[in-house]
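Colleague: Structure file protein-v3.csv (CSV, C-alpha atoms) is given on the next line.
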chain,number,residue,atom,x,y,z
A,13,MET,CA,35.2,-15.2,-76.0
A,14,VAL,CA,31.7,-14.0,-76.4
A,15,LYS,CA,30.4,-16.3,-73.8
A,16,LYS,CA,33.1,-15.3,-71.4
A,17,GLY,CA,32.3,-11.6,-72.0
A,18,MET,CA,28.6,-12.3,-71.4
A,19,TRP,CA,29.3,-14.1,-68.1
A,20,ALA,CA,31.6,-11.3,-67.0
A,21,LEU,CA,28.9,-8.8,-67.8
A,22,ILE,CA,26.3,-10.8,-65.9
A,23,ALA,CA,28.7,-11.1,-62.9
A,24,LEU,CA,29.2,-7.4,-63.0
A,25,VAL,CA,25.5,-6.7,-63.0
A,26,LEU,CA,24.9,-9.1,-60.1
A,27,ALA,CA,27.7,-7.5,-58.2
A,28,PHE,CA,26.2,-4.1,-58.7
A,29,VAL,CA,22.7,-5.3,-57.6
A,30,VAL,CA,24.2,-6.9,-54.4
A,31,TYR,CA,26.2,-3.7,-53.7
A,32,ASP,CA,23.1,-1.5,-54.2
A,33,PHE,CA,21.0,-3.7,-52.0
A,34,VAL,CA,23.6,-3.7,-49.2
A,35,SER,CA,24.1,0.0,-49.5
A,36,GLY,CA,20.4,0.5,-49.3
A,37,LEU,CA,20.2,-1.5,-46.1
A,38,ASN,CA,23.1,0.6,-44.6
A,39,ARG,CA,21.4,3.8,-45.6
A,40,GLU,CA,18.1,2.7,-44.1
A,41,GLN,CA,19.9,1.7,-40.8
A,42,GLN,CA,21.7,5.1,-40.7
A,43,VAL,CA,18.4,6.9,-41.2
A,44,ARG,CA,16.8,5.0,-38.4
A,45,GLU,CA,19.7,5.6,-36.1
A,46,GLN,CA,19.7,9.3,-36.9
A,47,ALA,CA,16.0,9.5,-36.4
A,48,GLY,CA,16.4,7.8,-33.1
A,49,ILE,CA,19.1,10.3,-32.0
A,50,GLN,CA,16.9,13.2,-33.2
A,51,VAL,CA,13.9,11.9,-31.2
A,52,GLN,CA,16.1,11.4,-28.1
A,53,GLU,CA,17.5,14.9,-28.4
A,54,GLU,CA,14.1,16.4,-28.8
A,55,PHE,CA,12.8,14.5,-25.8
A,56,GLU,CA,15.8,15.6,-23.7
A,57,ASP,CA,15.3,19.2,-24.8
A,58,GLU,CA,11.7,19.0,-23.9
A,59,SER,CA,12.4,17.5,-20.5
A,60,ILE,CA,15.0,20.1,-19.6
A,61,ASP,CA,13.1,23.0,-21.0
A,62,LEU,CA,10.8,23.5,-18.0
A,63,THR,CA,10.2,26.8,-16.3
A,64,ASP,CA,10.4,27.2,-12.5
A,65,GLU,CA,6.6,27.6,-12.4
A,66,GLU,CA,6.1,24.3,-14.4
A,67,LEU,CA,8.5,22.5,-12.1
A,68,GLU,CA,6.8,23.8,-9.0
A,69,ALA,CA,3.4,22.8,-10.4
A,70,LEU,CA,4.8,19.3,-11.1
A,71,LEU,CA,6.1,19.0,-7.5
A,72,GLU,CA,2.7,20.1,-6.1
A,73,ASP,CA,1.0,17.5,-8.2
A,74,LEU,CA,3.3,14.8,-6.8
A,75,GLU,CA,2.9,16.0,-3.3
A,76,SER,CA,-0.9,15.9,-3.5
A,77,ASP,CA,-0.6,12.1,-4.0
A,78,VAL,CA,1.6,11.5,-1.0
A,79,ILE,CA,0.1,10.4,2.3
A,80,ASN,CA,0.4,13.2,4.9
A,81,THR,CA,3.1,11.6,7.0
A,82,THR,CA,6.7,12.3,8.0
A,83,SER,CA,9.3,10.2,9.8
A,84,GLU,CA,11.5,11.5,12.6
A,85,SER,CA,13.5,9.3,14.9
A,86,GLY,CA,11.5,6.3,13.9
A,87,VAL,CA,8.2,8.0,14.7
A,88,GLU,CA,5.7,8.3,11.9
A,89,TYR,CA,3.6,11.5,12.2
A,90,GLY,CA,0.3,11.8,10.3
A,91,LEU,CA,-3.4,11.7,10.5
A,92,ARG,CA,-4.1,8.0,9.7
A,93,ALA,CA,-4.9,5.4,12.3
A,94,GLY,CA,-1.6,4.3,13.9
A,95,ASN,CA,0.3,7.6,13.1
A,96,THR,CA,1.4,9.9,15.9
A,97,ALA,CA,-0.6,13.1,15.9
A,98,TYR,CA,1.2,16.2,14.8
A,99,ASP,CA,2.2,18.3,17.8
A,100,PHE,CA,1.3,22.0,18.0
A,101,GLN,CA,1.6,25.0,20.2
A,102,LEU,CA,-1.4,27.3,20.4
A,103,GLU,CA,-2.7,29.9,22.8
A,104,ASP,CA,-5.8,29.3,24.9
A,105,MET,CA,-8.6,31.7,25.8
A,106,ASP,CA,-6.7,32.9,28.8
A,107,GLY,CA,-3.5,33.7,26.9
A,108,ASN,CA,-1.6,30.5,28.1
A,109,THR,CA,0.5,28.4,25.7
A,110,VAL,CA,-0.8,24.9,25.2
A,111,ASN,CA,1.0,22.0,23.4
A,112,LEU,CA,-0.8,18.9,22.3
A,113,SER,CA,2.2,17.0,23.7
A,114,ASP,CA,1.4,18.4,27.1
A,115,PHE,CA,-1.3,15.8,27.4
A,116,ARG,CA,0.9,12.8,26.6
A,117,GLY,CA,-0.1,10.0,28.9
A,118,GLN,CA,-3.7,11.0,28.6
A,119,LYS,CA,-6.2,10.2,25.9
A,120,VAL,CA,-7.3,13.2,23.9
A,121,PHE,CA,-10.5,14.2,22.0
A,122,LEU,CA,-9.2,16.9,19.7
A,123,ASN,CA,-12.2,18.9,18.4
A,124,PHE,CA,-12.1,21.7,15.8
A,125,TRP,CA,-15.1,24.1,16.0
A,126,ALA,CA,-16.5,27.5,15.2
A,127,SER,CA,-19.1,29.7,17.0
A,128,TRP,CA,-21.3,30.0,13.9
A,129,CYS,CA,-21.4,26.3,13.4
A,130,PRO,CA,-24.9,24.8,14.4
A,131,PRO,CA,-23.6,21.1,14.7
A,132,CYS,CA,-20.7,22.4,16.9
A,133,ARG,CA,-23.2,24.1,19.2
A,134,VAL,CA,-25.3,20.9,19.4
A,135,GLU,CA,-22.4,18.7,20.4
A,136,MET,CA,-20.8,21.1,22.9
A,137,PRO,CA,-23.0,20.1,25.8
A,138,HIS,CA,-22.1,16.4,25.2
A,139,LEU,CA,-18.4,17.3,25.2
A,140,GLN,CA,-18.8,19.3,28.4
A,141,GLU,CA,-20.6,16.5,30.2
A,142,PHE,CA,-18.1,13.9,29.0
A,143,HIS,CA,-15.3,16.1,30.2
A,144,GLU,CA,-16.8,16.4,33.7
A,145,GLU,CA,-17.3,12.6,34.0
A,146,ASN,CA,-14.0,11.3,32.6
A,147,ASP,CA,-10.7,12.3,34.2
A,148,ASP,CA,-8.7,10.0,32.0
A,149,VAL,CA,-9.6,11.8,28.7
A,150,VAL,CA,-8.8,15.4,27.8
A,151,VAL,CA,-11.3,17.2,25.6
A,152,LEU,CA,-9.3,19.9,23.7
A,153,GLY,CA,-11.2,22.3,21.6
A,154,VAL,CA,-9.6,24.2,18.7
A,155,ASN,CA,-11.5,27.3,17.5
A,156,VAL,CA,-11.0,27.9,13.7
A,157,MET,CA,-10.1,31.6,14.0
A,158,SER,CA,-10.1,32.5,10.4
A,159,SER,CA,-13.8,31.5,10.0
A,160,GLU,CA,-15.0,33.8,12.8
A,161,SER,CA,-16.4,37.2,11.7
A,162,ASN,CA,-15.4,38.6,15.0
A,163,PRO,CA,-12.4,37.4,17.1
A,164,GLU,CA,-14.5,37.8,20.3
A,165,ASN,CA,-17.1,35.3,19.1
A,166,ALA,CA,-15.0,32.4,20.2
A,167,GLY,CA,-14.6,33.5,23.8
A,168,ASN,CA,-18.3,34.5,24.0
A,169,PHE,CA,-19.3,31.1,22.7
A,170,VAL,CA,-17.2,29.3,25.4
A,171,GLU,CA,-18.6,31.5,28.1
A,172,GLU,CA,-22.2,31.2,26.9
A,173,LEU,CA,-22.1,27.4,26.9
A,174,GLY,CA,-20.2,27.2,30.1
A,175,LEU,CA,-17.3,25.1,28.7
A,176,THR,CA,-14.6,24.3,31.2
A,177,PHE,CA,-12.4,22.0,29.1
A,178,PRO,CA,-9.4,23.7,27.4
A,179,ASN,CA,-10.0,25.6,24.2
A,180,VAL,CA,-7.3,27.2,22.1
A,181,TYR,CA,-7.2,29.5,19.1
A,182,GLY,CA,-6.5,27.5,15.9
A,183,VAL,CA,-4.3,29.3,13.3
A,184,ASP,CA,-4.6,28.4,9.7
A,185,GLU,CA,-1.4,26.4,9.6
A,186,ILE,CA,-2.7,23.9,12.2
A,187,VAL,CA,-6.2,23.8,10.7
A,188,ASP,CA,-4.8,23.0,7.3
A,189,LEU,CA,-2.3,20.5,8.8
A,190,TYR,CA,-5.2,18.6,10.4
A,191,LEU,CA,-7.2,18.6,7.1
A,192,VAL,CA,-10.2,20.5,8.6
A,193,GLU,CA,-12.6,21.2,5.8
A,194,SER,CA,-15.9,20.7,7.5
A,195,LEU,CA,-17.0,21.5,11.1
A,196,PRO,CA,-16.9,20.0,13.5
A,197,THR,CA,-13.9,17.8,12.7
A,198,SER,CA,-12.4,15.7,15.6
A,199,TYR,CA,-9.7,13.2,16.3
A,200,PHE,CA,-9.6,10.3,18.8
A,201,ILE,CA,-6.0,10.2,20.1
A,202,GLY,CA,-4.5,7.6,22.5
A,203,SER,CA,-2.4,8.2,25.6
A,204,ASP,CA,0.8,7.7,23.6
A,205,GLY,CA,-0.2,10.3,21.0
A,206,THR,CA,-1.4,7.8,18.4
A,207,VAL,CA,-4.3,8.7,16.1
A,208,TYR,CA,-7.2,6.2,16.3
A,209,GLU,CA,-9.9,7.8,14.3
A,210,ARG,CA,-11.0,10.9,12.5
A,211,VAL,CA,-14.6,12.0,12.7
A,212,VAL,CA,-16.4,14.7,10.6
A,213,GLY,CA,-19.6,15.8,12.2
A,214,PRO,CA,-21.0,16.1,15.8
A,215,VAL,CA,-20.6,13.3,18.4
A,216,THR,CA,-22.6,12.5,21.5
A,217,LYS,CA,-21.5,11.6,25.0
A,218,ASP,CA,-22.4,7.9,24.4
A,219,ILE,CA,-20.2,7.8,21.3
A,220,LEU,CA,-17.3,9.3,23.2
A,221,GLU,CA,-17.6,6.8,26.0
A,222,ALA,CA,-17.9,3.8,23.6
A,223,ARG,CA,-14.9,4.8,21.4
A,224,PHE,CA,-12.6,5.8,24.3
A,225,SER,CA,-13.4,2.5,26.1
A,226,LEU,CA,-11.5,0.8,23.3
A,227,ILE,CA,-8.5,3.2,23.2
A,228,ASP,CA,-5.4,2.9,25.4
Written as C-alpha coordinates, that's how I'd like the structure from this file.

Modeller:
Amino acid sequence: MVKKGMWALIALVLAFVVYDFVSGLNREQQVREQAGIQVQEEFEDESIDLTDEELEALLEDLESDVINTTSESGVEYGLRAGNTAYDFQLEDMDGNTVNLSDFRGQKVFLNFWASWCPPCRVEMPHLQEFHEENDDVVVLGVNVMSSESNPENAGNFVEELGLTFPNVYGVDEIVDLYLVESLPTSYFIGSDGTVYERVVGPVTKDILEARFSLID
(Lines of atoms letter the chains of each structure in order from A and count residues from 1; the text may use other names and numbers.)
(Lines give C-alpha, C1' and ligand atoms only; values in the text may rest on other atoms or scores of the structure.)
Protein backbone atom coordinates (compact mmCIF):
# COMPACT_ATOMS: atom_id res chain seq x y z
CA MET A 1 0.00 0.00 0.00
CA VAL A 2 2.85 2.33 0.82
CA LYS A 3 4.53 1.62 -2.49
CA LYS A 4 1.29 2.23 -4.36
CA GLY A 5 0.86 5.50 -2.53
CA MET A 6 4.38 6.60 -3.41
CA TRP A 7 3.91 5.72 -7.08
CA ALA A 8 0.65 7.64 -7.09
CA LEU A 9 2.39 10.66 -5.58
CA ILE A 10 5.22 10.46 -8.11
CA ALA A 11 2.72 10.23 -10.95
CA LEU A 12 0.85 13.23 -9.60
CA VAL A 13 4.07 15.26 -9.38
CA LEU A 14 5.06 14.29 -12.94
CA ALA A 15 1.62 15.20 -14.19
CA PHE A 16 1.86 18.60 -12.52
CA VAL A 17 5.34 19.17 -14.03
CA VAL A 18 4.10 18.27 -17.52
CA TYR A 19 1.00 20.46 -17.10
CA ASP A 20 3.10 23.39 -15.88
CA PHE A 21 5.54 22.99 -18.79
CA VAL A 22 2.77 22.86 -21.39
CA SER A 23 1.00 25.79 -19.77
CA GLY A 24 4.22 27.77 -19.84
CA LEU A 25 4.63 27.09 -23.53
CA ASN A 26 1.05 28.19 -24.18
CA ARG A 27 1.52 31.37 -22.17
CA GLU A 28 4.75 32.16 -24.05
CA GLN A 29 3.00 31.63 -27.38
CA GLN A 30 0.13 33.88 -26.33
CA VAL A 31 2.56 36.58 -25.24
CA ARG A 32 4.36 36.40 -28.57
CA GLU A 33 1.11 36.57 -30.50
CA GLN A 34 -0.10 39.51 -28.45
CA ALA A 35 3.22 41.26 -28.92
CA GLY A 36 2.98 40.68 -32.66
CA ILE A 37 -0.53 42.09 -32.74
CA GLN A 38 0.56 45.09 -30.71
CA VAL A 39 3.50 45.80 -33.03
CA GLN A 40 1.27 45.45 -36.07
CA GLU A 41 -1.30 47.81 -34.57
CA GLU A 42 1.41 50.35 -33.73
CA PHE A 43 2.78 50.09 -37.26
CA GLU A 44 -0.66 50.53 -38.76
CA ASP A 45 -1.36 53.51 -36.54
CA GLU A 46 1.96 55.06 -37.48
CA SER A 47 1.31 54.53 -41.18
CA ILE A 48 -2.12 56.06 -41.07
CA ASP A 49 -1.24 58.92 -38.76
CA LEU A 50 0.28 61.16 -41.46
CA THR A 51 -0.59 64.79 -41.93
CA ASP A 52 -1.46 66.22 -45.34
CA GLU A 53 1.88 68.03 -45.36
CA GLU A 54 3.78 64.79 -44.69
CA LEU A 55 1.90 62.98 -47.44
CA GLU A 56 2.59 65.81 -49.87
CA ALA A 57 6.28 65.78 -48.99
CA LEU A 58 6.39 62.01 -49.49
CA LEU A 59 4.78 62.33 -52.92
CA GLU A 60 7.24 65.05 -53.90
CA ASP A 61 10.14 62.80 -52.91
CA LEU A 62 8.74 60.01 -55.05
CA GLU A 63 8.14 62.32 -57.99
CA SER A 64 11.74 63.57 -57.86
CA ASP A 65 12.92 60.04 -58.72
CA VAL A 66 10.62 59.65 -61.68
CA ILE A 67 11.93 60.31 -65.18
CA ASN A 68 10.31 63.39 -66.60
CA THR A 69 8.14 61.58 -69.16
CA THR A 70 4.43 61.10 -69.78
CA SER A 71 2.50 58.90 -72.17
CA GLU A 72 -0.36 60.04 -74.32
CA SER A 73 -1.80 58.08 -77.24
CA GLY A 74 1.29 55.89 -77.29
CA VAL A 75 3.65 58.89 -77.55
CA GLU A 76 6.23 59.29 -74.81
CA TYR A 77 6.94 62.93 -74.03
CA GLY A 78 10.09 63.92 -72.21
CA LEU A 79 13.59 65.30 -72.50
CA ARG A 80 15.66 62.17 -72.98
CA ALA A 81 16.92 60.99 -76.34
CA GLY A 82 14.07 59.25 -78.12
CA ASN A 83 11.31 61.13 -76.27
CA THR A 84 8.99 63.52 -78.06
CA ALA A 85 9.77 67.09 -77.00
CA TYR A 86 7.12 68.82 -74.93
CA ASP A 87 4.98 71.14 -77.02
CA PHE A 88 4.42 74.72 -75.88
CA GLN A 89 2.72 77.93 -76.95
CA LEU A 90 4.65 81.16 -76.41
CA GLU A 91 4.62 84.71 -77.75
CA ASP A 92 7.38 85.97 -80.01
CA MET A 93 8.96 89.44 -79.99
CA ASP A 94 6.31 90.71 -82.43
CA GLY A 95 3.36 89.50 -80.38
CA ASN A 96 2.63 86.43 -82.50
CA THR A 97 1.79 83.05 -80.98
CA VAL A 98 4.35 80.33 -81.68
CA ASN A 99 3.96 76.61 -80.98
CA LEU A 100 6.87 74.20 -81.04
CA SER A 101 4.62 71.83 -83.00
CA ASP A 102 4.32 74.49 -85.73
CA PHE A 103 7.73 73.32 -86.93
CA ARG A 104 6.88 69.61 -87.12
CA GLY A 105 8.45 68.31 -90.30
CA GLN A 106 11.56 70.46 -89.76
CA LYS A 107 14.54 69.88 -87.51
CA VAL A 108 14.74 72.35 -84.61
CA PHE A 109 17.54 73.78 -82.52
CA LEU A 110 15.76 74.96 -79.37
CA ASN A 111 17.94 77.46 -77.53
CA PHE A 112 17.26 79.02 -74.10
CA TRP A 113 19.11 82.29 -73.51
CA ALA A 114 19.24 85.59 -71.62
CA SER A 115 20.59 89.01 -72.61
CA TRP A 116 22.96 89.21 -69.61
CA CYS A 117 24.54 85.82 -70.36
CA PRO A 118 28.08 86.15 -71.87
CA PRO A 119 28.16 82.63 -73.40
CA CYS A 120 24.76 83.34 -74.99
CA ARG A 121 26.15 86.47 -76.63
CA VAL A 122 29.17 84.51 -77.89
CA GLU A 123 27.11 81.79 -79.56
CA MET A 124 24.42 84.02 -81.10
CA PRO A 125 26.43 84.95 -84.24
CA HIS A 126 26.97 81.22 -84.83
CA LEU A 127 23.23 80.56 -84.52
CA GLN A 128 22.45 83.42 -86.88
CA GLU A 129 24.93 82.25 -89.51
CA PHE A 130 23.71 78.68 -89.24
CA HIS A 131 20.11 79.91 -89.60
CA GLU A 132 20.96 81.82 -92.77
CA GLU A 133 22.68 78.85 -94.40
CA ASN A 134 20.33 75.99 -93.44
CA ASP A 135 16.75 76.03 -94.63
CA ASP A 136 15.97 72.57 -93.27
CA VAL A 137 16.65 73.50 -89.63
CA VAL A 138 14.71 75.99 -87.52
CA VAL A 139 16.66 77.88 -84.87
CA LEU A 140 14.16 78.80 -82.16
CA GLY A 141 15.37 81.02 -79.35
CA VAL A 142 13.61 81.17 -75.98
CA ASN A 143 14.39 84.12 -73.74
CA VAL A 144 14.27 83.30 -70.03
CA MET A 145 12.10 86.25 -69.05
CA SER A 146 12.30 85.88 -65.29
CA SER A 147 16.07 86.32 -65.37
CA GLU A 148 15.93 89.69 -67.14
CA SER A 149 16.23 92.82 -65.00
CA ASN A 150 14.24 94.73 -67.61
CA PRO A 151 11.65 93.17 -69.98
CA GLU A 152 12.98 95.33 -72.83
CA ASN A 153 16.44 93.80 -72.60
CA ALA A 154 15.45 90.76 -74.63
CA GLY A 155 14.16 92.76 -77.59
CA ASN A 156 17.17 95.08 -77.48
CA PHE A 157 19.49 92.06 -77.45
CA VAL A 158 17.82 90.57 -80.54
CA GLU A 159 17.95 93.88 -82.38
CA GLU A 160 21.54 94.63 -81.39
CA LEU A 161 22.83 91.30 -82.70
CA GLY A 162 20.65 91.37 -85.81
CA LEU A 163 18.97 88.04 -85.08
CA THR A 164 16.42 87.05 -87.72
CA PHE A 165 15.52 83.57 -86.49
CA PRO A 166 12.37 83.35 -84.33
CA ASN A 167 12.70 84.20 -80.65
CA VAL A 168 9.95 83.85 -78.06
CA TYR A 169 9.43 84.92 -74.46
CA GLY A 170 9.90 81.91 -72.19
CA VAL A 171 7.66 81.78 -69.13
CA ASP A 172 8.78 80.00 -65.96
CA GLU A 173 6.57 76.97 -66.57
CA ILE A 174 8.29 76.18 -69.86
CA VAL A 175 11.76 77.01 -68.56
CA ASP A 176 11.22 74.64 -65.62
CA LEU A 177 9.66 71.98 -67.85
CA TYR A 178 12.78 71.94 -70.01
CA LEU A 179 15.06 71.75 -66.95
CA VAL A 180 16.90 74.96 -67.75
CA GLU A 181 19.30 75.61 -64.86
CA SER A 182 22.29 77.08 -66.71
CA LEU A 183 22.44 79.28 -69.79
CA PRO A 184 22.56 78.66 -72.59
CA THR A 185 20.73 75.32 -72.61
CA SER A 186 19.73 73.84 -75.95
CA TYR A 187 17.98 70.82 -77.47
CA PHE A 188 18.55 69.13 -80.83
CA ILE A 189 15.11 68.03 -82.07
CA GLY A 190 14.34 65.92 -85.12
CA SER A 191 11.75 66.61 -87.80
CA ASP A 192 9.29 64.26 -86.08
CA GLY A 193 9.64 66.11 -82.77
CA THR A 194 12.04 63.60 -81.23
CA VAL A 195 14.69 64.82 -78.80
CA TYR A 196 18.18 63.79 -79.89
CA GLU A 197 20.45 65.63 -77.49
CA ARG A 198 20.55 68.22 -74.70
CA VAL A 199 23.50 70.61 -74.57
CA VAL A 200 24.43 72.96 -71.73
CA GLY A 201 26.80 75.72 -72.85
CA PRO A 202 27.48 77.56 -76.12
CA VAL A 203 27.72 75.83 -79.48
CA THR A 204 29.39 76.81 -82.75
CA LYS A 205 28.19 76.71 -86.32
CA ASP A 206 30.45 73.70 -86.99
CA ILE A 207 28.92 71.80 -84.09
CA LEU A 208 25.41 72.55 -85.33
CA GLU A 209 26.21 71.39 -88.85
CA ALA A 210 27.89 68.20 -87.64
CA ARG A 211 25.12 67.23 -85.23
CA PHE A 212 22.20 68.01 -87.53
CA SER A 213 23.83 66.07 -90.38
CA LEU A 214 23.16 62.96 -88.28
CA ILE A 215 19.56 63.87 -87.42
CA ASP A 216 16.47 63.08 -89.51

Colleague: What's around Pro178 (chain A) at 12 Å? Count all atoms listed in the file, leave out sequence neighbours fewer than 3 positions away in its own chain, and write the answer as a ChimeraX atom specification.

Modeller: /A:102-112,115,120-123,139-140,143,149-155,167,170,174-175,181

Colleague: Given all atoms listed in the file as the basis, pick out the residue of A:Trp125, A:Thr96, A:Pro130, A:Leu173 nearest to Ser159 (chain A).

Modeller: A:Trp125

Colleague: List every protein, DNA or RNA residue with an atom no more than 12 Å from (-22.0, 24.4, 16.1) in the file's coordinates, counting only C-alpha atoms, and format the result as a list in words.

Modeller: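 Answer for this query, in the requested form: Asn123, Phe124, Trp125, Ala126, Ser127, Trp128, Cys129, Pro130, Pro131, Cys132, Arg133, Val134, Glu135, Met136, Pro137, Asn155, Val156, Ala166, Phe169, Val170, Leu173, Ser194, Leu195, Pro196, Thr197, Gly213, Pro214 and Val215 of chain A.
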
Colleague: May I ask for the distance between CA of Tyr98 (chain A) and CA of Thr206 (chain A), given in Å to one decimal place?

Modeller: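 Computing it gives 9.5 Å between the two atoms.
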
Colleague: What is the distance between CA of Glu144 (chain A) and CA of Phe177 (chain A), in Å to one decimal?

Modeller: 8.5 Å

Colleague: Closest to Ala222 (chain A) among A:Met157, A:Pro163, A:Arg116, A:Phe142, using all atoms listed in the file?

Modeller: A:Phe142

Colleague: Go ahead and compute the interatomic distance for CA of Ala97 (chain A) and CA of Gly205 (chain A), in Å to one decimal.

Modeller: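 So the two atoms, CA of Ala97 (chain A) and CA of Gly205 (chain A), lie 5.8 Å apart.
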
Colleague: Let me make sure I understand: among A:Asp204, A:Glu221, A:Asp99, A:Asp184, which one has the smallest atom-to-atom distance to Asn146 (chain A) if we use all atoms listed in the file?

Modeller: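 Smallest distance to Asn146 (chain A) is found for A:Glu221.
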
Colleague: Of the residues A:Leu220, A:Val211, A:Ile201, A:Ile227, which is the one nearest to Asn95 (chain A), using all atoms listed in the file?

Modeller: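 For Asn95 (chain A), the nearest of the given residues is A:Ile201.
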